[in-house]
Amino acid sequence: MHNDSLQADQLLVELDALEKLLTAHHSRTGLTALCRLVPSNAHWMELLHQHKLDQWLALPLDPDNFPALAHLQTRLKTLNFQKNHDSLTGLPNRRAFDRTLALEIERATRGKAPLSLALIDLDNFKSINDSHGHPCGDRILQKMASILLEETRKIDTPARIGGEEFALLLPGTGLLRAQKLLERLLNTVRRAQIIYDSMVVTFTCSIGVASYRGKTTPNSVKLMAEADKALYTAKKTGKNRLEAAPLLDLGQESDQTLVQYEEKRFLFASFHSSMTDKKHKDA
Amino acid sequence: MEPNTTLSISIVSGKGGVGKTNIALNLGFALHELGHSLALLDADLGLANLDVLLGISPQKNLQDLLTGSIPEEVLVSLAEERFALLPSASGVAELVELDEDVQSILLDKLDTLFRQYEFVLLDLGAGISPTVLSFAAMPQERIVVITPEPTSLTDSYALIKVLFTQHQIKNFQIIVNIAENNEEAHLSFDRLAQACERFLGLPIRLLGIIHKDPMVTESVRQQVPLFKFAPSCQAINDIRYIAQKLIARRSKLLDLIARTPILKTLT
């Protein structure tokens, strides 16, 4: 707190100095230019010029001259990161995940592309915490996060959405491919271990996955609910396993185009009768 | 660009072995005999029936058109320049299932090529595969070939239903092939027409009847087109009559054809 108020004082001094500097640039017309603080680097000036951004008044932010401003900029960056990420694991948090989910649903709808969502829950996490302590539990959460990052593709979004619950969004991926990827993930988790208090600690997780084939518009609530239901089944049936929800848009296209029984009977039946009539006549 | 004067027709069937390829080829000869120019596109998925019927083995095909060959190298002339065959060999399925950008490049090339002819006939494979459905939906008109068998009726009905519900296609003309007599042919057509009317609310038209003719089998065996093998047999006379109806239809529809692309891009 004390540190912060000190910096606030310093910030005022620096802002005052900055204003003088800007006024010097625009002594006649007053201060109308937009101002952008950039790291003190000649290359930046060149870049702004190249991209015809001269109307931006770029001020070199030399941390030696403006330490409080530099601190403010770093702080803004950190805050922005913290808003969207889980502080323990560094993974996107629930808020960021929901936003990505909405975006990917829009993309899947537009591109008629498949989409899979996996919910991943660590098994017996409470008893790990109870027997080894919370710091050990934290280490396992971090390990799980790094496995999720390593075992997935760049287009996938892993997130920590609850205490020991993670989510993994797999865009452009149908059920079959999602299952392959998740089985591999399960295996990696089974082999993973952390050393805590000179003890080897291992852990497992259960996964529920739900998929759209791209035949209907995905619904985020339904997708979440189905993945959650599958996760529940995975837990109930022994844990340390993957359970897949039934495809959410199976049989979406068939009804309208297939030849129904009634139509077939119509085509066949009277054909039959007309043929027998004919035979009758011939006889 | 000049207004379009080419009438494009795909020849389809729900069931294989109903004589599609024979009809396409001999209809081509009949149209040519009646003084009309036409191109015949073999889109039968590399079953290469057309070249077998003709006893030829083309060097290039539809796919070469995409990779830069000029149309003159790909087209096989069947009667001077006024009756040309565009062979497809294998690979057509891949072409149609290509992304819309490549499909549009191909359709542009085909459009330039087909503009020189009064008719374009597309000989398609049987069934309701995505490739067949795409090719069936692209041209301005469709001829569905049926035979007087219940399975032919249900399969043709399935094809019409899918094209109607998935691609909103409404104009179907029916040829009843291998008919023992007119009565049997009419019974088959009426049954199909009633089913389309009753379940889809879709009227279809009878284009013609081709009677069962032993000459057809013989000409296939000899690898000589029926039109050359037995130019005045019953089946060829039936086909001539159908050709005349198509010519009349093209004249009647010229205004509409001018406003319709030869092959429509599917969306």
# chains A, B, ... in the order shown; residues from 1 in each chain; ligands from 1
call {"tool": "residues_around", "arguments": {"residues": "B:Gln168", "least_positions_apart": "5", "cutoff": "9 Å", "atoms": "only C-alpha atoms", "output": "tab-separated table (two decimals) with C-alpha atoms, in the first residue's frame"}}
result
chain	number	residue	atom	x	y	z
B	137	ALA	CA	-27.78	-30.43	-59.73
B	162	VAL	CA	-32.86	-36.01	-52.44
B	163	LEU	CA	-32.30	-33.57	-55.32
call {"tool": "closest_atom_pairs", "arguments": {"of": "chain B", "to": "chain A", "cutoff": "7 Å", "atoms": "only C-alpha atoms", "output": "JSON lines"}}
result
{"residue": "B:Pro150", "atom": "CA", "partner": "A:Phe268", "partner_atom": "CA", "distance": 5.7}
{"residue": "B:Leu153", "atom": "CA", "partner": "A:Leu267", "partner_atom": "CA", "distance": 6.9}
{"residue": "B:Thr154", "atom": "CA", "partner": "A:Lys264", "partner_atom": "CA", "distance": 6.3}
{"residue": "B:Ala158", "atom": "CA", "partner": "A:Val259", "partner_atom": "CA", "distance": 5.7}
{"residue": "B:Lys161", "atom": "CA", "partner": "A:Thr257", "partner_atom": "CA", "distance": 6.2}
{"residue": "B:Val162", "atom": "CA", "partner": "A:Thr257", "partner_atom": "CA", "distance": 5.1}
{"residue": "B:Thr165", "atom": "CA", "partner": "A:Thr257", "partner_atom": "CA", "distance": 6.4}
{"residue": "B:Arg191", "atom": "CA", "partner": "A:Leu267", "partner_atom": "CA", "distance": 6.3}
{"residue": "B:Leu192", "atom": "CA", "partner": "A:Leu267", "partner_atom": "CA", "distance": 6.8}
{"residue": "B:Ala195", "atom": "CA", "partner": "A:Leu267", "partner_atom": "CA", "distance": 6.7}
call {"tool": "write_last_selection", "arguments": {"atoms": "N, CA and C atoms", "output": "PDB file, in the first residue's frame"}}
result
ATOM      1  N   PRO B 150     -39.876 -52.490 -60.068  1.00  0.00           N
ATOM      2  CA  PRO B 150     -40.154 -51.773 -58.809  1.00  0.00           C
ATOM      3  C   PRO B 150     -38.900 -51.167 -58.192  1.00  0.00           C
ATOM      4  N   LEU B 153     -37.943 -47.996 -59.771  1.00  0.00           N
ATOM      5  CA  LEU B 153     -38.851 -46.910 -59.371  1.00  0.00           C
ATOM      6  C   LEU B 153     -38.460 -46.336 -58.019  1.00  0.00           C
ATOM      7  N   THR B 154     -38.224 -47.191 -57.033  1.00  0.00           N
ATOM      8  CA  THR B 154     -37.916 -46.678 -55.700  1.00  0.00           C
ATOM      9  C   THR B 154     -36.572 -45.952 -55.700  1.00  0.00           C
ATOM     10  N   ALA B 158     -35.984 -42.073 -54.862  1.00  0.00           N
ATOM     11  CA  ALA B 158     -35.030 -41.628 -53.837  1.00  0.00           C
ATOM     12  C   ALA B 158     -34.141 -40.515 -54.387  1.00  0.00           C
ATOM     13  N   LYS B 161     -36.116 -37.343 -54.816  1.00  0.00           N
ATOM     14  CA  LYS B 161     -36.435 -36.769 -53.512  1.00  0.00           C
ATOM     15  C   LYS B 161     -35.236 -36.036 -52.902  1.00  0.00           C
ATOM     16  N   VAL B 162     -34.059 -36.654 -52.997  1.00  0.00           N
ATOM     17  CA  VAL B 162     -32.863 -36.006 -52.437  1.00  0.00           C
ATOM     18  C   VAL B 162     -32.545 -34.714 -53.189  1.00  0.00           C
ATOM     19  N   THR B 165     -35.226 -32.110 -52.182  1.00  0.00           N
ATOM     20  CA  THR B 165     -35.185 -31.582 -50.813  1.00  0.00           C
ATOM     21  C   THR B 165     -33.845 -30.929 -50.495  1.00  0.00           C
ATOM     22  N   ARG B 191     -46.882 -44.330 -61.956  1.00  0.00           N
ATOM     23  CA  ARG B 191     -46.655 -44.681 -60.553  1.00  0.00           C
ATOM     24  C   ARG B 191     -45.644 -43.715 -59.926  1.00  0.00           C
ATOM     25  N   LEU B 192     -44.545 -43.490 -60.631  1.00  0.00           N
ATOM     26  CA  LEU B 192     -43.509 -42.592 -60.137  1.00  0.00           C
ATOM     27  C   LEU B 192     -44.051 -41.168 -60.031  1.00  0.00           C
ATOM     28  N   ALA B 195     -46.325 -40.792 -57.072  1.00  0.00           N
ATOM     29  CA  ALA B 195     -45.575 -40.731 -55.809  1.00  0.00           C
ATOM     30  C   ALA B 195     -44.958 -39.345 -55.621  1.00  0.00           C
TER      31      ALA B 195
END
call {"tool": "atom_distance", "arguments": {"atom1": "atom CA of B:Glu81", "atom2": "atom CA of B:His36"}}
result
11.0 Å
call {"tool": "residues_around", "arguments": {"residues": "A:Phe166", "least_positions_apart": "2", "cutoff": "7 Å", "atoms": "only C-alpha atoms", "output": "JSON, numbers by chain"}}
result
{"A": [119, 120, 121, 159, 160, 161, 162, 164, 168]}
call {"tool": "select_by_dssp", "arguments": {"residues": "stretch 55-268 of chain A", "states": "strand (DSSP E)", "output": "PyMOL selection string"}}
result
chain A and resi 56-61+115-122+157-160+165-171+193-196+199-202+205-212+242-244
call {"tool": "residues_around", "arguments": {"residues": "stretch 7-19 of chain B", "least_positions_apart": "5", "cutoff": "9 Å", "atoms": "only C-alpha atoms", "output": "MDAnalysis selection string"}}
result
chainID B and resid 24 114 117:128 132 135:147 151:160 177:178 250 253:254 257 262:263
call {"tool": "write_last_selection", "arguments": {"atoms": "N, CA and C atoms", "output": "compact mmCIF listing (two decimals), in the first residue's frame"}}
result
# COMPACT_ATOMS: atom_id res chain seq x y z
N ALA B 24 -27.25 -41.70 -73.39
CA ALA B 24 -26.49 -40.46 -73.56
C ALA B 24 -25.78 -40.44 -74.91
N PHE B 114 -18.15 -25.33 -73.27
CA PHE B 114 -19.49 -25.80 -73.63
C PHE B 114 -20.28 -24.76 -74.42
N TYR B 117 -21.38 -25.23 -78.04
CA TYR B 117 -22.31 -26.28 -78.45
C TYR B 117 -23.75 -25.91 -78.09
N GLU B 118 -24.68 -26.51 -78.85
CA GLU B 118 -26.09 -26.23 -78.57
C GLU B 118 -26.62 -27.08 -77.42
N PHE B 119 -26.06 -28.27 -77.30
CA PHE B 119 -26.45 -29.15 -76.19
C PHE B 119 -25.21 -29.65 -75.44
N VAL B 120 -25.39 -29.82 -74.14
CA VAL B 120 -24.37 -30.50 -73.35
C VAL B 120 -25.07 -31.62 -72.58
N LEU B 121 -24.59 -32.86 -72.77
CA LEU B 121 -25.16 -33.98 -72.03
C LEU B 121 -24.13 -34.47 -71.01
N LEU B 122 -24.56 -34.64 -69.76
CA LEU B 122 -23.66 -35.18 -68.74
C LEU B 122 -24.10 -36.58 -68.39
N ASP B 123 -23.24 -37.54 -68.65
CA ASP B 123 -23.56 -38.94 -68.32
C ASP B 123 -23.03 -39.22 -66.92
N LEU B 124 -23.95 -39.43 -65.98
CA LEU B 124 -23.56 -39.59 -64.58
C LEU B 124 -23.62 -41.04 -64.13
N GLY B 125 -22.93 -41.33 -63.05
CA GLY B 125 -23.04 -42.64 -62.42
C GLY B 125 -24.40 -42.78 -61.76
N ALA B 126 -24.75 -44.01 -61.42
CA ALA B 126 -26.04 -44.25 -60.78
C ALA B 126 -25.94 -43.96 -59.29
N GLY B 127 -27.11 -43.84 -58.65
CA GLY B 127 -27.13 -43.74 -57.19
C GLY B 127 -27.23 -42.31 -56.69
N ILE B 128 -27.04 -42.16 -55.38
CA ILE B 128 -27.21 -40.84 -54.77
C ILE B 128 -25.96 -40.43 -53.99
N VAL B 132 -22.55 -37.63 -57.52
CA VAL B 132 -23.65 -37.74 -58.48
C VAL B 132 -24.65 -36.61 -58.23
N PHE B 135 -23.25 -33.24 -59.57
CA PHE B 135 -23.29 -33.16 -61.03
C PHE B 135 -24.72 -33.12 -61.54
N ALA B 136 -25.63 -33.79 -60.84
CA ALA B 136 -27.02 -33.80 -61.28
C ALA B 136 -27.65 -32.43 -61.07
N ALA B 137 -27.17 -31.72 -60.06
CA ALA B 137 -27.78 -30.43 -59.73
C ALA B 137 -27.24 -29.28 -60.58
N MET B 138 -26.05 -29.44 -61.16
CA MET B 138 -25.40 -28.33 -61.87
C MET B 138 -26.08 -27.91 -63.18
N PRO B 139 -26.49 -28.85 -64.05
CA PRO B 139 -27.05 -28.43 -65.34
C PRO B 139 -28.46 -27.86 -65.22
N GLN B 140 -28.95 -27.33 -66.35
CA GLN B 140 -30.27 -26.70 -66.35
C GLN B 140 -31.40 -27.73 -66.26
N GLU B 141 -31.20 -28.90 -66.90
CA GLU B 141 -32.27 -29.91 -66.92
C GLU B 141 -31.74 -31.28 -66.51
N ARG B 142 -32.66 -32.15 -66.14
CA ARG B 142 -32.29 -33.51 -65.75
C ARG B 142 -33.19 -34.53 -66.44
N ILE B 143 -32.56 -35.57 -66.95
CA ILE B 143 -33.33 -36.71 -67.46
C ILE B 143 -33.09 -37.88 -66.51
N VAL B 144 -34.17 -38.42 -65.96
CA VAL B 144 -34.05 -39.59 -65.09
C VAL B 144 -34.46 -40.81 -65.90
N VAL B 145 -33.54 -41.78 -65.99
CA VAL B 145 -33.83 -42.99 -66.75
C VAL B 145 -34.33 -44.06 -65.78
N ILE B 146 -35.53 -44.60 -66.10
CA ILE B 146 -36.05 -45.70 -65.27
C ILE B 146 -36.35 -46.90 -66.17
N THR B 147 -36.49 -48.05 -65.53
CA THR B 147 -36.99 -49.22 -66.27
C THR B 147 -38.24 -49.70 -65.53
N THR B 151 -37.76 -51.88 -58.23
CA THR B 151 -36.55 -51.35 -57.60
C THR B 151 -36.05 -50.12 -58.33
N SER B 152 -36.21 -50.10 -59.65
CA SER B 152 -35.81 -48.93 -60.42
C SER B 152 -36.66 -47.73 -60.01
N LEU B 153 -37.94 -48.00 -59.77
CA LEU B 153 -38.85 -46.91 -59.37
C LEU B 153 -38.46 -46.34 -58.02
N THR B 154 -38.22 -47.19 -57.03
CA THR B 154 -37.92 -46.68 -55.70
C THR B 154 -36.57 -45.95 -55.70
N ASP B 155 -35.59 -46.50 -56.42
CA ASP B 155 -34.28 -45.85 -56.45
C ASP B 155 -34.35 -44.49 -57.17
N SER B 156 -35.12 -44.43 -58.25
CA SER B 156 -35.27 -43.16 -58.96
C SER B 156 -36.02 -42.16 -58.09
N TYR B 157 -37.03 -42.66 -57.39
CA TYR B 157 -37.78 -41.77 -56.50
C TYR B 157 -36.85 -41.22 -55.41
N ALA B 158 -35.98 -42.07 -54.86
CA ALA B 158 -35.03 -41.63 -53.84
C ALA B 158 -34.14 -40.52 -54.39
N LEU B 159 -33.65 -40.70 -55.62
CA LEU B 159 -32.79 -39.70 -56.25
C LEU B 159 -33.53 -38.37 -56.43
N ILE B 160 -34.77 -38.45 -56.96
CA ILE B 160 -35.55 -37.24 -57.17
C ILE B 160 -35.81 -36.55 -55.83
N ASN B 177 -36.92 -46.81 -70.06
CA ASN B 177 -36.09 -47.60 -70.97
C ASN B 177 -36.42 -49.09 -70.83
N ILE B 178 -36.05 -49.85 -71.84
CA ILE B 178 -36.24 -51.30 -71.86
C ILE B 178 -37.70 -51.65 -71.58
N ARG B 250 -35.46 -26.92 -76.37
CA ARG B 250 -34.40 -25.90 -76.35
C ARG B 250 -34.89 -24.62 -77.02
N LEU B 253 -37.20 -22.77 -74.81
CA LEU B 253 -36.62 -22.25 -73.57
C LEU B 253 -35.49 -21.26 -73.79
N LEU B 254 -35.20 -20.88 -75.07
CA LEU B 254 -34.01 -20.06 -75.35
C LEU B 254 -33.89 -18.83 -74.46
N ILE B 257 -32.76 -20.01 -71.10
CA ILE B 257 -31.39 -20.52 -71.17
C ILE B 257 -30.40 -19.35 -71.18
N ILE B 262 -24.59 -22.48 -67.83
CA ILE B 262 -24.61 -23.86 -68.34
C ILE B 262 -24.48 -24.84 -67.18
N LEU B 263 -23.52 -24.56 -66.31
CA LEU B 263 -23.39 -25.37 -65.10
C LEU B 263 -23.41 -24.43 -63.91
call {"tool": "residues_around", "arguments": {"residues": "B:Tyr241", "least_positions_apart": "6", "cutoff": "12 Å", "atoms": "only C-alpha atoms", "output": "ChimeraX atom specification"}}
result
/B:26-27,30-31,34,175,207-210,234-235,247-248
call {"tool": "write_last_selection", "arguments": {"atoms": "N, CA, C and O atoms", "output": "short mmCIF file (atom, residue, chain, number, x, y, z; two decimals), in the first residue's frame"}}
result
data_model
loop_
_atom_site.label_atom_id
_atom_site.label_comp_id
_atom_site.auth_asym_id
_atom_site.auth_seq_id
_atom_site.Cartn_x
_atom_site.Cartn_y
_atom_site.Cartn_z
N ASN B 26 -26.23 -42.35 -77.71
CA ASN B 26 -27.06 -42.41 -78.92
C ASN B 26 -27.96 -41.19 -79.07
O ASN B 26 -28.27 -40.78 -80.19
N LEU B 27 -28.34 -40.60 -77.95
CA LEU B 27 -29.06 -39.33 -78.01
C LEU B 27 -28.15 -38.28 -78.63
O LEU B 27 -28.58 -37.43 -79.42
N ALA B 30 -28.12 -38.86 -82.29
CA ALA B 30 -29.41 -38.44 -82.87
C ALA B 30 -29.48 -36.92 -82.99
O ALA B 30 -29.92 -36.40 -84.01
N LEU B 31 -29.06 -36.22 -81.96
CA LEU B 31 -29.06 -34.75 -82.00
C LEU B 31 -28.15 -34.26 -83.13
O LEU B 31 -28.47 -33.32 -83.86
N LEU B 34 -29.66 -34.67 -86.47
CA LEU B 34 -30.71 -33.68 -86.71
C LEU B 34 -30.12 -32.27 -86.86
O LEU B 34 -30.83 -31.27 -86.84
N ILE B 175 -37.31 -40.82 -68.80
CA ILE B 175 -37.29 -41.76 -69.92
C ILE B 175 -37.51 -43.16 -69.35
O ILE B 175 -36.81 -43.56 -68.41
N LEU B 207 -40.60 -37.83 -70.81
CA LEU B 207 -39.90 -37.35 -72.01
C LEU B 207 -40.03 -38.37 -73.15
O LEU B 207 -40.19 -37.99 -74.31
N GLY B 208 -39.97 -39.65 -72.80
CA GLY B 208 -40.08 -40.64 -73.87
C GLY B 208 -39.96 -42.05 -73.37
O GLY B 208 -39.60 -42.30 -72.23
N ILE B 209 -40.26 -42.98 -74.31
CA ILE B 209 -40.20 -44.41 -74.00
C ILE B 209 -39.24 -45.04 -74.99
O ILE B 209 -39.29 -44.74 -76.19
N ILE B 210 -38.33 -45.85 -74.49
CA ILE B 210 -37.44 -46.59 -75.39
C ILE B 210 -37.74 -48.08 -75.21
O ILE B 210 -37.67 -48.61 -74.10
N GLN B 234 -35.68 -50.23 -83.54
CA GLN B 234 -36.74 -49.63 -82.73
C GLN B 234 -36.17 -48.64 -81.69
O GLN B 234 -36.64 -47.52 -81.54
N ALA B 235 -35.13 -49.08 -80.95
CA ALA B 235 -34.59 -48.25 -79.89
C ALA B 235 -34.06 -46.92 -80.42
O ALA B 235 -34.27 -45.86 -79.82
N ILE B 247 -34.92 -30.89 -78.88
CA ILE B 247 -34.64 -29.75 -79.77
C ILE B 247 -35.77 -28.73 -79.66
O ILE B 247 -35.53 -27.52 -79.53
N ALA B 248 -36.98 -29.23 -79.65
CA ALA B 248 -38.14 -28.34 -79.51
C ALA B 248 -38.10 -27.63 -78.16
O ALA B 248 -38.39 -26.43 -78.06
#
call {"tool": "residues_around", "arguments": {"residues": "A:Leu169", "least_positions_apart": "2", "cutoff": "10 Å", "atoms": "only C-alpha atoms", "output": "PyMOL selection string"}}
result
chain A and resi 97+100-101+104+115-119+152+155-159+167+171-173+178+209
call {"tool": "residues_around", "arguments": {"residues": "A:Gly208", "least_positions_apart": "2", "cutoff": "6 Å", "atoms": "only C-alpha atoms", "output": "PyMOL selection string"}}
result
chain A and resi 118-119+227+230-231+242-244
call {"tool": "write_last_selection", "arguments": {"atoms": "N, CA and C atoms", "output": "CSV table (one decimal), in the first residue's frame"}}
result
chain,number,residue,atom,x,y,z
A,118,ALA,N,-14.0,-31.3,-24.0
A,118,ALA,CA,-13.7,-32.3,-23.0
A,118,ALA,C,-13.6,-31.6,-21.6
A,119,LEU,N,-14.2,-32.3,-20.6
A,119,LEU,CA,-14.1,-31.8,-19.2
A,119,LEU,C,-13.2,-32.8,-18.5
A,227,ALA,N,-21.0,-33.0,-21.9
A,227,ALA,CA,-19.6,-33.4,-21.5
A,227,ALA,C,-19.6,-33.7,-20.0
A,230,ALA,N,-21.1,-37.1,-19.3
A,230,ALA,CA,-20.1,-38.1,-19.6
A,230,ALA,C,-19.0,-38.2,-18.6
A,231,LEU,N,-18.6,-37.1,-18.1
A,231,LEU,CA,-17.6,-37.0,-17.0
A,231,LEU,C,-18.1,-37.8,-15.8
A,242,LEU,N,-11.9,-42.4,-20.0
A,242,LEU,CA,-12.6,-41.5,-20.9
A,242,LEU,C,-14.0,-42.0,-21.2
A,243,GLU,N,-15.0,-41.1,-21.1
A,243,GLU,CA,-16.3,-41.4,-21.5
A,243,GLU,C,-16.8,-40.4,-22.5
A,244,ALA,N,-17.4,-40.9,-23.6
A,244,ALA,CA,-17.9,-40.0,-24.7
A,244,ALA,C,-19.4,-39.9,-24.6
call {"tool": "atom_distance", "arguments": {"atom1": "atom CA of A:Ile128", "atom2": "atom CA of A:Gly163"}}
result
13.4 Å
call {"tool": "select_by_dssp", "arguments": {"residues": "stretch 30-205 of chain A", "states": "helix (DSSP H, G or I)", "output": "PyMOL selection string"}}
result
chain A and resi 42-50+67-84+94-111+125-132+134-151+175-191
call {"tool": "decode", "arguments": {"residues": "stretch 195-216 of chain B", "atoms": "N, CA and C atoms", "output": "PDB file, in the first residue's frame"}}
result
ATOM      1  N   ALA B 195     -46.325 -40.792 -57.072  1.00  0.00           N
ATOM      2  CA  ALA B 195     -45.575 -40.731 -55.809  1.00  0.00           C
ATOM      3  C   ALA B 195     -44.958 -39.345 -55.621  1.00  0.00           C
ATOM      4  N   CYS B 196     -44.382 -38.786 -56.690  1.00  0.00           N
ATOM      5  CA  CYS B 196     -43.761 -37.454 -56.608  1.00  0.00           C
ATOM      6  C   CYS B 196     -44.811 -36.397 -56.284  1.00  0.00           C
ATOM      7  N   GLU B 197     -45.960 -36.521 -56.924  1.00  0.00           N
ATOM      8  CA  GLU B 197     -47.042 -35.561 -56.716  1.00  0.00           C
ATOM      9  C   GLU B 197     -47.561 -35.643 -55.285  1.00  0.00           C
ATOM     10  N   ARG B 198     -47.781 -36.891 -54.836  1.00  0.00           N
ATOM     11  CA  ARG B 198     -48.433 -37.116 -53.554  1.00  0.00           C
ATOM     12  C   ARG B 198     -47.531 -36.786 -52.366  1.00  0.00           C
ATOM     13  N   PHE B 199     -46.261 -37.206 -52.440  1.00  0.00           N
ATOM     14  CA  PHE B 199     -45.384 -37.053 -51.278  1.00  0.00           C
ATOM     15  C   PHE B 199     -44.516 -35.796 -51.342  1.00  0.00           C
ATOM     16  N   LEU B 200     -44.211 -35.329 -52.559  1.00  0.00           N
ATOM     17  CA  LEU B 200     -43.336 -34.160 -52.675  1.00  0.00           C
ATOM     18  C   LEU B 200     -44.077 -32.945 -53.227  1.00  0.00           C
ATOM     19  N   GLY B 201     -45.279 -33.165 -53.769  1.00  0.00           N
ATOM     20  CA  GLY B 201     -46.004 -32.078 -54.418  1.00  0.00           C
ATOM     21  C   GLY B 201     -45.270 -31.609 -55.662  1.00  0.00           C
ATOM     22  N   LEU B 202     -44.581 -32.553 -56.314  1.00  0.00           N
ATOM     23  CA  LEU B 202     -43.697 -32.197 -57.431  1.00  0.00           C
ATOM     24  C   LEU B 202     -44.171 -32.858 -58.712  1.00  0.00           C
ATOM     25  N   PRO B 203     -44.556 -32.058 -59.736  1.00  0.00           N
ATOM     26  CA  PRO B 203     -44.925 -32.676 -61.013  1.00  0.00           C
ATOM     27  C   PRO B 203     -43.680 -33.062 -61.811  1.00  0.00           C
ATOM     28  N   ILE B 204     -43.673 -34.234 -62.428  1.00  0.00           N
ATOM     29  CA  ILE B 204     -42.569 -34.621 -63.318  1.00  0.00           C
ATOM     30  C   ILE B 204     -43.162 -34.921 -64.692  1.00  0.00           C
ATOM     31  N   ARG B 205     -42.309 -34.905 -65.745  1.00  0.00           N
ATOM     32  CA  ARG B 205     -42.809 -35.073 -67.109  1.00  0.00           C
ATOM     33  C   ARG B 205     -42.236 -36.336 -67.748  1.00  0.00           C
ATOM     34  N   LEU B 206     -43.026 -36.942 -68.614  1.00  0.00           N
ATOM     35  CA  LEU B 206     -42.530 -38.098 -69.374  1.00  0.00           C
ATOM     36  C   LEU B 206     -41.895 -37.571 -70.652  1.00  0.00           C
ATOM     37  N   LEU B 207     -40.595 -37.827 -70.806  1.00  0.00           N
ATOM     38  CA  LEU B 207     -39.902 -37.354 -72.012  1.00  0.00           C
ATOM     39  C   LEU B 207     -40.027 -38.368 -73.147  1.00  0.00           C
ATOM     40  N   GLY B 208     -39.975 -39.648 -72.803  1.00  0.00           N
ATOM     41  CA  GLY B 208     -40.084 -40.638 -73.874  1.00  0.00           C
ATOM     42  C   GLY B 208     -39.958 -42.055 -73.374  1.00  0.00           C
ATOM     43  N   ILE B 209     -40.264 -42.979 -74.305  1.00  0.00           N
ATOM     44  CA  ILE B 209     -40.200 -44.406 -74.002  1.00  0.00           C
ATOM     45  C   ILE B 209     -39.237 -45.043 -74.993  1.00  0.00           C
ATOM     46  N   ILE B 210     -38.330 -45.855 -74.491  1.00  0.00           N
ATOM     47  CA  ILE B 210     -37.441 -46.595 -75.386  1.00  0.00           C
ATOM     48  C   ILE B 210     -37.741 -48.084 -75.208  1.00  0.00           C
ATOM     49  N   HIS B 211     -38.134 -48.702 -76.302  1.00  0.00           N
ATOM     50  CA  HIS B 211     -38.559 -50.099 -76.220  1.00  0.00           C
ATOM     51  C   HIS B 211     -37.377 -51.051 -76.136  1.00  0.00           C
ATOM     52  N   LYS B 212     -37.639 -52.173 -75.521  1.00  0.00           N
ATOM     53  CA  LYS B 212     -36.650 -53.238 -75.409  1.00  0.00           C
ATOM     54  C   LYS B 212     -36.236 -53.668 -76.809  1.00  0.00           C
ATOM     55  N   ASP B 213     -34.925 -53.756 -77.025  1.00  0.00           N
ATOM     56  CA  ASP B 213     -34.442 -54.022 -78.377  1.00  0.00           C
ATOM     57  C   ASP B 213     -33.192 -54.895 -78.296  1.00  0.00           C
ATOM     58  N   PRO B 214     -33.212 -56.095 -78.892  1.00  0.00           N
ATOM     59  CA  PRO B 214     -32.043 -56.996 -78.804  1.00  0.00           C
ATOM     60  C   PRO B 214     -30.787 -56.387 -79.428  1.00  0.00           C
ATOM     61  N   MET B 215     -30.971 -55.410 -80.312  1.00  0.00           N
ATOM     62  CA  MET B 215     -29.830 -54.775 -80.983  1.00  0.00           C
ATOM     63  C   MET B 215     -28.909 -54.063 -79.988  1.00  0.00           C
ATOM     64  N   VAL B 216     -29.491 -53.598 -78.871  1.00  0.00           N
ATOM     65  CA  VAL B 216     -28.717 -52.832 -77.885  1.00  0.00           C
ATOM     66  C   VAL B 216     -27.586 -53.698 -77.327  1.00  0.00           C
TER      67      VAL B 216
END
